[in-house]
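> Hey, dropping my_file34.cif in here, mmCIF, C-alpha atoms:
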```cif
data_entry
loop_
_atom_site.label_atom_id
_atom_site.label_comp_id
_atom_site.auth_asym_id
_atom_site.auth_seq_id
_atom_site.Cartn_x
_atom_site.Cartn_y
_atom_site.Cartn_z
CA MET U 143 98.56 83.99 133.08
CA GLN U 144 96.93 86.20 135.70
CA GLU U 145 95.23 84.59 138.66
CA PRO U 146 91.62 85.61 137.76
CA THR U 147 92.08 84.07 134.29
CA PHE U 148 93.53 80.89 135.80
CA LEU U 149 90.60 80.63 138.20
CA ILE U 150 88.01 81.27 135.47
CA LEU U 151 89.53 78.50 133.34
CA THR U 152 89.67 76.22 136.39
CA ALA U 153 85.98 76.90 137.05
CA LEU U 154 85.12 76.03 133.45
CA ALA U 155 87.22 72.84 133.61
CA ALA U 156 84.38 71.42 135.75
CA GLY U 157 81.90 71.99 132.91
CA ALA U 158 79.98 74.75 131.13
CA GLN U 159 78.86 77.55 133.45
CA HIS U 160 77.09 80.90 133.17
CA GLY U 161 78.61 84.20 134.33
CA TYR U 162 77.22 84.21 137.86
CA GLY U 163 78.11 80.53 138.22
CA ILE U 164 81.72 81.28 137.31
CA MET U 165 81.85 84.10 139.87
CA THR U 166 80.59 81.91 142.70
CA ASP U 167 82.78 78.98 141.65
CA VAL U 168 85.89 81.17 141.58
CA ALA U 169 85.10 82.33 145.12
CA THR U 170 84.74 78.67 146.18
CA ILE U 171 87.95 77.50 144.44
CA SER U 172 89.97 80.32 146.02
CA GLU U 173 88.26 79.78 149.38
CA GLY U 174 86.80 83.28 149.26
CA ARG U 175 90.16 84.97 148.62
CA VAL U 176 89.34 86.04 145.04
CA ARG U 177 85.95 87.63 144.45
CA LEU U 178 85.51 88.36 140.76
CA ARG U 179 83.37 91.32 139.83
CA ALA U 180 81.26 91.48 136.69
CA GLY U 181 83.51 94.02 134.94
CA THR U 182 86.64 91.92 135.46
CA LEU U 183 84.83 88.68 134.56
CA TYR U 184 83.40 89.94 131.28
CA SER U 185 86.65 91.67 130.27
CA ALA U 186 88.39 88.32 130.74
CA LEU U 187 85.63 86.35 128.99
CA ASP U 188 85.67 88.71 126.00
CA ARG U 189 89.45 88.30 125.67
CA LEU U 190 89.34 84.52 126.16
CA LEU U 191 86.52 84.16 123.60
CA GLY U 192 88.54 86.24 121.12
CA ASP U 193 91.59 84.01 121.66
CA GLY U 194 89.58 80.79 121.28
CA ILE U 195 90.37 79.69 124.84
CA VAL U 196 86.70 79.73 125.84
CA GLY U 197 83.61 79.08 123.73
CA VAL U 198 79.88 79.69 124.11
CA ASP U 199 78.07 76.47 125.01
CA GLY U 200 74.49 77.69 124.81
CA GLU U 201 72.01 80.33 125.90
CA GLU U 202 68.75 80.35 127.81
CA VAL U 203 66.35 82.96 129.13
CA VAL U 204 65.70 82.78 132.87
CA ASP U 205 63.23 85.23 134.48
CA GLY U 206 63.30 87.29 131.29
CA ARG U 207 67.08 87.63 131.36
CA LEU U 208 69.63 86.16 128.97
CA ARG U 209 71.92 83.56 130.49
CA ARG U 210 74.86 82.40 128.39
CA TYR U 211 76.92 79.33 129.20
CA TYR U 212 80.66 79.23 128.60
CA ARG U 213 82.87 76.17 128.18
CA LEU U 214 86.58 75.47 127.95
CA THR U 215 87.76 74.76 124.37
CA ALA U 216 90.42 72.15 123.55
CA ALA U 217 92.98 74.97 123.23
CA GLY U 218 91.81 76.34 126.58
CA ALA U 219 92.19 72.93 128.24
CA GLU U 220 95.74 72.65 126.88
CA LEU U 221 96.61 76.13 128.10
CA LEU U 222 95.18 75.43 131.55
CA ALA U 223 97.07 72.11 131.75
CA ALA U 224 100.34 73.84 130.81
CA GLU U 225 99.76 76.62 133.36
CA ALA U 226 98.81 74.13 136.07
CA ALA U 227 101.98 72.12 135.35
CA ARG U 228 104.10 75.27 135.53
CA LEU U 229 102.55 76.38 138.82
CA SER U 230 102.86 72.86 140.17
CA ALA U 231 106.57 72.66 139.25
CA ASN U 232 107.20 76.06 140.88
CA ALA U 233 105.31 74.98 143.99
CA ARG U 234 107.37 71.75 144.22
CA ILE U 235 110.62 73.69 144.02
CA ALA U 236 109.39 76.15 146.65
CA ALA U 237 108.31 73.30 148.92
CA THR U 238 111.66 71.48 148.50
CA ARG U 239 113.64 74.61 149.36
CA LEU U 240 111.46 75.37 152.35
CA ARG U 241 111.92 71.82 153.65
CA LYS U 242 115.70 72.21 153.40
CA LEU U 243 115.55 75.61 155.02
CA ARG U 244 113.56 74.22 157.97
CA THR U 245 115.82 71.18 158.42
CA GLY U 246 118.83 73.53 158.47
CA ALA U 247 120.53 72.13 155.37
CA ALA U 248 123.14 74.27 153.62
CA PRO U 249 121.64 76.49 150.91
CA ALA U 250 121.87 74.75 147.57
CA GLY U 251 122.24 76.24 144.07
CA GLY U 252 119.23 76.45 141.78
CA ALA U 253 120.67 73.85 139.40
CA THR U 254 121.23 71.33 142.21
CA LEU U 255 117.67 71.84 143.42
CA ALA U 256 116.25 71.57 139.94
CA ARG U 257 118.11 68.26 139.48
CA GLY U 258 116.84 67.09 142.84
CA VAL U 259 113.25 67.93 141.90
CA ALA U 260 113.54 66.35 138.47
CA MET J 181 60.13 102.38 140.89
CA THR J 182 61.27 99.33 142.87
CA ASP J 183 64.72 99.06 144.45
CA GLY J 184 65.67 96.51 141.80
CA GLY J 185 64.51 98.89 139.07
CA ALA J 186 66.60 101.76 140.43
CA LEU J 187 69.64 99.51 140.78
CA GLU J 188 69.23 98.12 137.27
CA ARG J 189 68.93 101.65 135.84
CA ARG J 190 72.15 102.67 137.61
CA TYR J 191 73.98 99.57 136.41
CA ARG J 192 72.84 100.25 132.85
CA ARG J 193 74.15 103.80 133.17
CA LEU J 194 77.55 102.44 134.24
CA LEU J 195 77.55 100.04 131.28
CA ALA J 196 77.66 103.11 129.03
CA TRP J 197 81.43 103.08 129.72
CA TYR J 198 81.66 100.02 127.48
CA PRO J 199 81.79 100.24 123.68
CA ALA J 200 78.46 99.63 121.90
CA ALA J 201 79.60 96.28 120.48
CA HIS J 202 80.48 95.01 123.97
CA ARG J 203 77.11 96.17 125.33
CA THR J 204 75.31 94.40 122.49
CA ASN J 205 77.20 91.16 123.18
CA TYR J 206 77.22 91.11 126.96
CA GLY J 207 75.04 93.99 128.21
CA GLU J 208 71.89 92.05 129.18
CA GLU J 209 73.92 89.18 130.57
CA MET J 210 76.04 91.54 132.66
CA VAL J 211 72.97 93.28 134.08
CA GLY J 212 71.63 89.87 135.11
CA VAL J 213 74.92 88.91 136.80
CA LEU J 214 75.27 92.32 138.50
CA LEU J 215 71.74 92.13 139.94
CA ALA J 216 72.25 88.52 141.04
CA ALA J 217 75.49 89.45 142.82
CA ALA J 218 74.09 92.64 144.43
CA PRO J 219 73.24 92.54 148.17
CA ASP J 220 69.53 92.34 149.00
CA GLY J 221 67.78 95.72 149.03
CA ALA J 222 70.69 97.56 147.38
CA ARG J 223 69.58 100.66 145.47
CA ARG J 224 72.99 101.75 144.26
CA PRO J 225 76.04 99.92 142.92
CA GLY J 226 78.86 99.72 145.48
CA LEU J 227 81.88 101.96 144.96
CA ALA J 228 84.23 99.05 144.20
CA GLY J 229 81.70 97.50 141.81
CA ALA J 230 81.21 100.79 139.98
CA ALA J 231 84.99 101.31 139.73
CA ASP J 232 85.35 97.76 138.38
CA LEU J 233 82.74 98.45 135.67
CA ILE J 234 84.38 101.74 134.69
CA ARG J 235 87.82 100.09 134.54
CA GLY J 236 86.38 97.20 132.49
CA GLY J 237 84.67 99.63 130.13
CA LEU J 238 87.83 101.65 129.54
CA ARG J 239 89.81 98.45 128.95
CA ALA J 240 87.22 97.23 126.47
CA ARG J 241 87.37 100.55 124.63
CA LEU J 242 91.18 100.44 124.51
CA ARG J 243 91.10 96.84 123.28
CA SER J 244 88.57 97.61 120.55
CA GLY J 245 90.71 100.59 119.49
CA LEU J 246 93.81 98.40 119.31
CA ARG J 247 91.89 95.75 117.34
CA TRP J 248 90.81 98.48 114.92
CA LEU J 249 94.40 99.65 114.46
CA SER J 250 95.92 96.16 114.30
CA GLY J 251 93.98 95.57 111.09
CA THR J 252 95.61 98.63 109.51
CA ASP J 253 97.72 98.27 106.40
CA TRP J 254 100.59 100.55 107.50
CA PRO J 255 102.77 100.14 104.38
CA ASP J 256 99.82 101.17 102.19
CA ALA J 257 98.95 104.06 104.52
CA LEU J 258 102.56 105.27 104.30
CA ALA J 259 102.55 104.81 100.52
CA VAL J 260 99.55 107.15 100.35
CA CYS J 261 101.40 109.62 102.61
CA SER J 262 104.44 109.54 100.31
CA ILE J 263 102.37 111.13 97.54
CA ALA J 264 99.55 112.84 99.46
CA ILE J 265 101.72 114.94 101.79
CA PRO J 266 103.74 116.68 99.05
CA VAL J 267 100.55 117.24 97.07
CA ILE J 268 98.72 118.71 100.09
CA LEU J 269 101.67 121.01 100.94
CA ALA J 270 102.25 122.00 97.32
CA GLY J 271 98.50 122.70 96.98
CA TYR J 272 98.53 124.89 100.06
CA PHE J 273 101.64 126.89 99.07
CA THR J 274 100.40 127.27 95.49
CA ALA J 275 97.10 128.62 96.79
CA VAL J 276 98.88 131.08 99.12
CA TRP J 277 101.08 132.17 96.21
CA LEU J 278 98.11 132.58 93.86
CA HIS J 279 96.23 134.54 96.49
CA GLU J 280 99.17 136.92 96.90
CA VAL J 281 99.57 137.32 93.13
CA ILE J 282 95.84 138.03 92.63
CA ALA J 283 95.77 140.44 95.58
CA GLY J 284 98.93 142.13 94.22
CA ILE J 285 97.44 142.52 90.75
CA MET J 286 94.27 143.98 92.22
CA ASN J 287 96.30 146.41 94.32
CA GLY J 288 98.54 147.29 91.37
CA TYR J 289 101.76 145.88 92.88
CA ALA J 290 102.57 142.16 92.86
CA GLY J 291 105.87 142.51 94.78
CA PRO J 292 109.44 141.98 93.55
CA TRP J 293 110.11 139.19 91.04
CA TYR J 294 112.40 137.28 93.40
CA THR J 295 109.61 136.89 95.95
CA GLN J 296 107.45 135.29 93.27
CA ALA J 297 110.37 133.11 92.16
CA GLU J 298 110.93 132.01 95.75
CA ARG J 299 107.27 130.96 96.11
CA GLY J 300 107.49 129.02 92.85
CA LEU J 301 110.68 127.28 93.96
CA ILE J 302 109.03 126.14 97.20
CA VAL J 303 106.21 124.49 95.25
CA LEU J 304 108.72 122.92 92.86
CA ALA J 305 110.89 121.65 95.72
CA LEU J 306 107.83 120.05 97.34
CA ALA J 307 106.76 118.37 94.11
CA MET J 308 110.21 117.01 93.21
CA PRO J 309 110.73 114.14 95.73
CA PRO J 310 107.58 112.14 94.83
CA LEU J 311 108.26 112.70 91.13
CA LEU J 312 111.87 111.54 91.52
CA ALA J 313 110.72 108.58 93.61
CA LEU J 314 108.88 107.16 90.62
CA ARG J 315 112.31 106.32 89.20
CA TRP J 316 115.05 107.05 91.75
CA ARG J 317 113.79 106.34 95.24
CA ARG J 318 117.04 106.92 97.14
CA THR J 319 117.67 110.29 95.47
CA ALA J 320 114.09 111.26 96.28
CA VAL J 321 114.56 110.37 99.96
CA VAL J 322 117.78 112.40 100.15
CA MET J 323 116.08 115.37 98.51
CA ALA J 324 113.01 115.13 100.79
CA LEU J 325 115.32 114.90 103.81
CA ALA J 326 117.28 117.95 102.63
CA LEU J 327 114.04 119.87 102.15
CA ALA J 328 112.78 118.91 105.62
CA GLY J 329 116.17 119.86 107.10
CA TRP J 330 116.17 123.19 105.33
CA TYR J 331 112.65 123.93 106.55
CA LEU J 332 113.52 122.92 110.12
CA ILE J 333 116.55 125.21 110.05
CA ILE J 334 114.32 128.08 108.94
CA VAL J 335 111.78 127.29 111.66
CA PHE J 336 114.46 126.79 114.33
CA GLY J 337 116.15 129.93 113.06
CA SER J 338 113.39 132.01 114.59
CA LEU J 339 114.21 130.79 118.09
CA PRO J 340 115.02 133.50 120.60
CA ASP J 341 118.74 133.79 121.38
CA ASP J 342 118.28 132.90 125.03
CA ILE J 343 116.38 129.69 124.31
CA PHE J 344 118.67 127.54 126.42
CA HIS J 345 118.11 129.76 129.43
CA LEU J 346 114.35 129.34 129.36
CA GLY J 347 112.73 127.07 131.93
CA ILE J 348 109.68 124.91 131.27
CA SER J 349 107.45 127.89 132.13
CA GLY J 350 109.17 129.78 129.36
CA LEU J 351 108.23 127.22 126.73
CA GLY J 352 105.20 129.30 125.78
CA GLN J 353 107.58 132.04 124.64
CA TRP J 354 109.21 129.88 121.98
CA THR J 355 108.02 131.58 118.87
CA TRP J 356 108.66 128.54 116.66
CA LEU J 357 106.69 126.31 119.01
CA VAL J 358 103.67 128.55 119.22
CA HIS J 359 103.38 128.69 115.45
CA GLY J 360 101.34 125.61 114.74
CA ASP J 361 101.84 126.01 110.98
CA GLY J 362 105.61 125.55 111.43
CA ILE J 363 105.14 122.45 113.58
CA SER J 364 102.51 121.11 111.21
CA SER J 365 104.68 121.58 108.10
CA SER J 366 107.79 120.20 109.85
CA LEU J 367 105.95 117.05 110.94
CA ALA J 368 104.40 116.68 107.49
CA LEU J 369 107.80 116.94 105.79
CA LEU J 370 109.39 114.43 108.21
CA LEU J 371 106.48 112.06 107.73
CA GLY J 372 106.90 112.49 103.98
CA VAL J 373 110.57 111.47 104.27
CA ALA J 374 109.69 108.38 106.34
CA ALA J 375 106.95 107.48 103.88
CA LEU J 376 109.31 107.74 100.91
CA ALA J 377 111.98 105.70 102.67
CA TRP J 378 109.88 102.91 104.23
CA SER J 379 106.80 102.36 102.11
CA PRO J 380 106.08 100.77 98.73
CA GLY J 381 106.31 104.37 97.39
CA PRO J 382 104.23 106.97 95.56
CA ARG J 383 103.36 104.64 92.68
CA ARG J 384 101.49 102.39 95.14
CA GLY J 385 99.93 105.48 96.75
CA ILE J 386 98.58 106.62 93.37
CA GLU J 387 97.12 103.13 92.82
CA ILE J 388 95.27 103.30 96.13
CA LEU J 389 93.89 106.83 95.88
CA THR J 390 90.70 107.34 93.89
CA PRO J 391 89.76 110.65 92.18
CA LYS J 392 87.37 111.30 95.07
CA SER J 393 90.07 110.75 97.68
CA TRP J 394 92.32 113.19 95.81
CA LEU J 395 89.54 115.78 96.09
CA VAL J 396 89.17 115.07 99.82
CA LEU J 397 92.92 115.54 100.35
CA THR J 398 93.60 118.57 98.17
CA VAL J 399 90.47 120.78 98.33
CA PRO J 400 90.81 121.66 102.07
CA SER J 401 94.51 122.61 101.78
CA VAL J 402 93.92 124.73 98.67
CA ALA J 403 90.86 126.33 100.29
CA MET J 404 92.92 127.08 103.42
CA GLY J 405 95.65 128.73 101.32
CA LEU J 406 93.12 130.88 99.45
CA THR J 407 90.98 131.90 102.42
CA GLN J 408 93.29 132.16 105.42
CA SER J 409 93.46 135.95 105.27
CA TYR J 410 89.64 136.06 105.30
CA LEU J 411 89.48 133.52 108.11
CA TRP J 412 91.72 135.78 110.19
CA ALA J 413 89.04 138.47 110.13
CA GLN J 414 86.26 136.17 111.36
CA PRO J 415 85.13 135.64 114.96
CA LEU J 416 86.76 132.77 116.83
CA TRP J 417 83.62 130.59 117.01
CA LEU J 418 83.11 130.78 113.26
CA VAL J 419 86.73 129.87 112.47
CA ALA J 420 86.60 127.00 114.97
CA LEU J 421 83.33 125.78 113.44
CA ILE J 422 84.73 125.91 109.90
CA VAL J 423 87.99 124.15 110.83
CA ILE J 424 86.27 121.41 112.88
CA ALA J 425 83.69 120.86 110.12
CA ALA J 426 86.46 120.67 107.51
CA LEU J 427 88.39 118.13 109.62
CA ALA J 428 85.24 116.01 110.09
CA VAL J 429 84.54 116.10 106.33
CA VAL J 430 88.16 115.14 105.50
CA ALA J 431 88.18 112.28 108.03
CA ALA J 432 84.82 110.95 106.83
CA GLY J 433 85.86 111.46 103.20
CA LEU J 434 89.09 109.48 103.70
CA VAL J 435 87.27 106.62 105.44
CA LEU J 436 84.68 106.51 102.64
CA THR J 437 87.02 106.85 99.66
CA VAL J 438 90.25 105.07 100.72
CA PRO J 439 90.16 101.27 101.22
CA GLY J 440 89.53 100.55 104.95
CA PRO J 441 92.84 99.03 106.14
CA ALA J 442 94.85 101.94 104.66
CA ALA J 443 92.34 104.67 105.65
CA ARG J 444 92.68 103.90 109.37
CA GLY J 445 96.45 104.27 109.25
CA LEU J 446 96.21 107.35 107.09
CA LEU J 447 93.94 109.07 109.63
CA LEU J 448 96.38 108.39 112.45
CA LEU J 449 99.45 109.38 110.42
CA LEU J 450 97.88 112.63 109.20
CA ALA J 451 96.68 113.50 112.73
CA ALA J 452 100.27 114.39 113.73
CA PRO J 453 100.68 117.27 111.24
CA GLY J 454 96.92 117.90 110.96
CA TYR J 455 96.24 118.67 114.61
CA PRO J 456 98.72 121.55 115.11
CA GLY J 457 97.69 122.91 111.71
CA ALA J 458 94.05 122.94 112.79
CA VAL J 459 94.80 124.57 116.17
CA TRP J 460 96.89 127.17 114.41
CA ALA J 461 94.13 127.83 111.86
CA ILE J 462 91.66 128.41 114.70
CA GLY J 463 94.23 130.51 116.55
CA ILE J 464 94.73 132.96 113.68
CA SER J 465 91.30 134.39 114.39
CA ARG J 466 91.57 138.08 115.14
CA TYR J 467 89.41 137.56 118.23
CA TRP J 468 91.99 135.23 119.67
CA THR J 469 94.96 137.46 119.00
CA ASN J 470 93.15 140.52 120.34
CA HIS J 471 91.41 139.08 123.40
CA VAL J 472 93.40 136.12 124.64
CA SER J 473 96.95 136.52 125.82
CA GLY J 474 99.29 134.00 124.30
CA PHE J 475 98.69 131.07 122.03
CA PRO J 476 96.89 127.93 123.24
CA PHE J 477 100.24 126.30 123.91
CA LYS J 478 98.95 123.58 126.26
CA LEU J 479 96.23 122.82 123.76
CA LEU J 480 98.78 122.51 120.98
CA LEU J 481 101.79 120.58 122.18
CA PRO J 482 100.71 117.52 124.25
CA PRO J 483 98.26 116.10 121.66
CA THR J 484 100.75 116.88 118.87
CA VAL J 485 103.50 114.96 120.71
CA LEU J 486 101.08 112.08 121.31
CA PHE J 487 100.03 111.91 117.64
CA ALA J 488 103.66 112.20 116.52
CA CYS J 489 104.67 109.32 118.84
CA LEU J 490 101.78 107.18 117.57
CA ALA J 491 102.80 107.94 113.97
CA ALA J 492 106.43 107.04 114.81
CA VAL J 493 105.29 103.71 116.29
CA ALA J 494 103.18 103.10 113.17
CA VAL J 495 106.16 103.77 110.89
CA TRP J 496 108.32 101.47 113.01
CA ARG J 497 105.69 98.70 112.82
CA SER J 498 105.45 99.19 109.08
CA ARG J 499 109.24 98.83 108.78
CA ARG J 500 109.20 95.66 110.90
CA ARG J 501 106.45 94.20 108.76
CA SER J 502 108.33 95.06 105.56
CA ALA J 503 111.53 93.54 106.96
CA ALA J 504 109.66 90.35 107.94
#
```
Mind turning the file's structure into structure tokens?

Amino acid sequence: MQEPTFLILTALAAGAQHGYGIMTDVATISEGRVRLRAGTLYSALDRLLGDGIVGVDGEEVVDGRLRRYYRLTAAGAELLAAEAARLSANARIAATRLRKLRTGAAPAGGATLARGVA
Amino acid sequence: MTDGGALERRYRRLLAWYPAAHRTNYGEEMVGVLLAAAPDGARRPGLAGAADLIRGGLRARLRSGLRWLSGTDWPDALAVCSIAIPVILAGYFTAVWLHEVIAGIMNGYAGPWYTQAERGLIVLALAMPPLLALRWRRTAVVMALALAGWYLIIVFGSLPDDIFHLGISGLGQWTWLVHGDGISSSLALLLGVAALAWSPGPRRGIEILTPKSWLVLTVPSVAMGLTQSYLWAQPLWLVALIVIAALAVVAAGLVLTVPGPAARGLLLLLAAPGYPGAVWAIGISRYWTNHVSGFPFKLLLPPTVLFACLAAVAVWRSRRRSAA
């Protein structure tokens, strides 16, 4: 999963949001590092809607303009949970190896580390 | 007009990069988001924002094209090719033959008998594989392959002797390459072989095609065979107009008369032999041969290779689906 998609799903995990809300939330989550643009956001939303990862929660008209709210579907929540677990496991392994590197321990094999983490 | 109005107009212009369906679904919403995210007082979209919209639009177009193709029934499209290609080629060669016979009779000399016999044998050889395939598929494939091989040898046989010493710049001198009719027929014959080998076969193709779709497929090839010597005498713009109009009518006719999922595949499969044939037909204009040096080689080869690769991928996908 690409980072913009992960961040969009993370934004929607907080509740239904409209397009501009997702953009600002993604900037907040990533501490300003990722700034989604409208083209990228709507390409991702179109794909995620097609795959059933995201659904439309409702629409309203504000100042004469359509505002559509998007929400995470059950399938989307599962996908996000799996991706978060994968990233988390990778981050734990990276952190463990870095700790060993800093304490000057002998380099260990991947299998040993994996066992250690598990 | 206010700053916001000018900005909105420019954003809407950029949204034209997206397919119509995408604009209908998200257009108004995107304009709202773009204006909300724009800096105060901006009159023009930023360069990065404009590039992002163009990239998004192209991606959306590619995705909608892939969606359109993913719904294609490739085995059925190939089944139609297995019968349509020999019929189109046989129709064309019969028309050329008839035209020569009629012209010969009118001139008082129809040529030696063996020339006529040769023309007749070509038509017979083209008609045989699909007829054989109704009963003996493997024999039909072998015969179609032999026919394609024989034709390729004839076409390759006209290569200049020093072909292997030519650099890329010399490609334009390859006589067999610059003859779009040879490329077109070669690709059509190879596609016919693949269609016979890896599709449900001509019987299924006959089931799919309606009388109207037969007319759409055969009338243009017969008309081309009968009129090509007249086309040659016409100005380039007229020939181009006739060929492009004929292609548009055939494409629209196929979409309207062949069931949707097969028609899409058929259009893509027939594009590989159809494109070089069309360029060649335009190129036989006397204006072109008299006023423009060389054949439109760059115009001919890259799209032909692209269409041929797409057709090869389609055949491969059809095989995978059949195997599954």
> What's the 10 Å shell around Ala219 in chain U, counting all atoms listed in the file, without same-chain residues fewer than 2 positions away, as an mmCIF file with C-alpha atoms, in the coordinates of the input?

```cif
data_model
loop_
_atom_site.group_PDB
_atom_site.id
_atom_site.type_symbol
_atom_site.label_atom_id
_atom_site.label_comp_id
_atom_site.auth_asym_id
_atom_site.auth_seq_id
_atom_site.Cartn_x
_atom_site.Cartn_y
_atom_site.Cartn_z
ATOM 1 C CA LEU U 151 89.530 78.500 133.340
ATOM 2 C CA THR U 152 89.670 76.220 136.390
ATOM 3 C CA LEU U 154 85.120 76.030 133.450
ATOM 4 C CA ALA U 155 87.220 72.840 133.610
ATOM 5 C CA ILE U 195 90.370 79.690 124.840
ATOM 6 C CA VAL U 196 86.700 79.730 125.840
ATOM 7 C CA ARG U 213 82.870 76.170 128.180
ATOM 8 C CA LEU U 214 86.580 75.470 127.950
ATOM 9 C CA THR U 215 87.760 74.760 124.370
ATOM 10 C CA ALA U 216 90.420 72.150 123.550
ATOM 11 C CA ALA U 217 92.980 74.970 123.230
ATOM 12 C CA LEU U 221 96.610 76.130 128.100
ATOM 13 C CA LEU U 222 95.180 75.430 131.550
ATOM 14 C CA ALA U 223 97.070 72.110 131.750
ATOM 15 C CA ALA U 224 100.340 73.840 130.810
ATOM 16 C CA GLU U 225 99.760 76.620 133.360
#
```
> Which protein, DNA or RNA residues have an atom at most 9 Å from (83.1, 78.2, 136.8), counting all atoms listed in the file? List them as a PyMOL selection string.
chain U and resi 149-168+212-213
> Check which residues of chain J sit at most 12 Å from chain U using only C-alpha atoms, and return one row each with the closest pair of atoms and their distance in Å to one decimal, ordered by chain and rising number, as a Markdown table.

```
| residue | atom | partner | partner_atom | distance |
| --- | --- | --- | --- | --- |
| J:Tyr191 | CA | U:Ala180 | CA | 10.9 |
| J:Leu194 | CA | U:Gly181 | CA | 10.3 |
| J:Leu195 | CA | U:Gly181 | CA | 9.2 |
| J:Trp197 | CA | U:Gly181 | CA | 10.7 |
| J:Tyr198 | CA | U:Gly181 | CA | 9.8 |
| J:Pro199 | CA | U:Ser185 | CA | 11.9 |
| J:Ala201 | CA | U:Asp188 | CA | 11.2 |
| J:His202 | CA | U:Asp188 | CA | 8.4 |
| J:Arg203 | CA | U:Tyr184 | CA | 10.7 |
| J:Thr204 | CA | U:Leu208 | CA | 11.9 |
| J:Asn205 | CA | U:Asp188 | CA | 9.3 |
| J:Tyr206 | CA | U:Tyr184 | CA | 7.6 |
| J:Gly207 | CA | U:Leu208 | CA | 9.5 |
| J:Glu208 | CA | U:Leu208 | CA | 6.3 |
| J:Glu209 | CA | U:Leu208 | CA | 5.5 |
| J:Met210 | CA | U:Ala180 | CA | 6.6 |
| J:Val211 | CA | U:Arg207 | CA | 8.6 |
| J:Gly212 | CA | U:Arg207 | CA | 6.3 |
| J:Val213 | CA | U:Tyr162 | CA | 5.3 |
| J:Leu214 | CA | U:Ala180 | CA | 6.3 |
| J:Leu215 | CA | U:Tyr162 | CA | 9.9 |
| J:Ala216 | CA | U:Tyr162 | CA | 7.3 |
| J:Ala217 | CA | U:Tyr162 | CA | 7.4 |
| J:Ala218 | CA | U:Arg179 | CA | 10.4 |
| J:Pro225 | CA | U:Arg179 | CA | 11.7 |
| J:Gly226 | CA | U:Arg179 | CA | 11.1 |
| J:Leu227 | CA | U:Arg179 | CA | 11.9 |
| J:Ala228 | CA | U:Arg179 | CA | 8.9 |
| J:Gly229 | CA | U:Arg179 | CA | 6.7 |
| J:Ala230 | CA | U:Gly181 | CA | 8.7 |
| J:Ala231 | CA | U:Gly181 | CA | 8.8 |
| J:Asp232 | CA | U:Gly181 | CA | 5.4 |
| J:Leu233 | CA | U:Gly181 | CA | 4.6 |
| J:Ile234 | CA | U:Gly181 | CA | 7.8 |
| J:Arg235 | CA | U:Gly181 | CA | 7.5 |
| J:Gly236 | CA | U:Gly181 | CA | 4.9 |
| J:Gly237 | CA | U:Gly181 | CA | 7.5 |
| J:Leu238 | CA | U:Ser185 | CA | 10.1 |
| J:Arg239 | CA | U:Ser185 | CA | 7.6 |
| J:Ala240 | CA | U:Ser185 | CA | 6.8 |
| J:Arg241 | CA | U:Ser185 | CA | 10.5 |
| J:Leu242 | CA | U:Ser185 | CA | 11.4 |
| J:Arg243 | CA | U:Arg189 | CA | 9.0 |
| J:Ser244 | CA | U:Arg189 | CA | 10.7 |
| J:Arg247 | CA | U:Gly192 | CA | 10.8 |
```
> Would you work out the distance separating CA of Ala413 in chain J from CA of Tyr294 in chain J, expressed in Å to one decimal?
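One can read the CA of Ala413 in chain J to CA of Tyr294 in chain J distance as 28.8 Å.
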> Using Å and a single decimal, report how far CA of Ala428 in chain J sits from CA of Ile386 in chain J.
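Between CA of Ile386 in chain J and CA of Ala428 in chain J the gap is 23.4 Å.
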> Within 12 Å of Leu327 in chain J, counting all atoms listed in the file, which residues show up once you throw out same-chain ones fewer than 5 positions away? Write them as a ChimeraX atom specification, please.
/J:266,301-309,320-322,332-334,365-366,368-370,372-373
> Can you tell me, as a PyMOL selection string, what residues are no more than 10 Å from Trp394 in chain J when counting only C-alpha atoms, ignoring any on the same chain fewer than 6 positions away?
chain J and resi 264+267-268+386+433-434+437-438
> Provide an axis-aligned box for all listed atoms of range 157-164 of chain U, padding each side by 6 Å; report its centre and its edge lengths in Å to one decimal, as lines of an AutoDock Vina configuration file.

```
center_x = 79.5
center_y = 78.1
center_z = 134.7
size_x = 16.8
size_y = 24.2
size_z = 19.1
```
> Enter the distance from CA of Leu191 in chain U to CA of Ala226 in chain U, in Å, rounded to one decimal.
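Interatomic distance, CA of Leu191 in chain U to CA of Ala226 in chain U: 20.2 Å.
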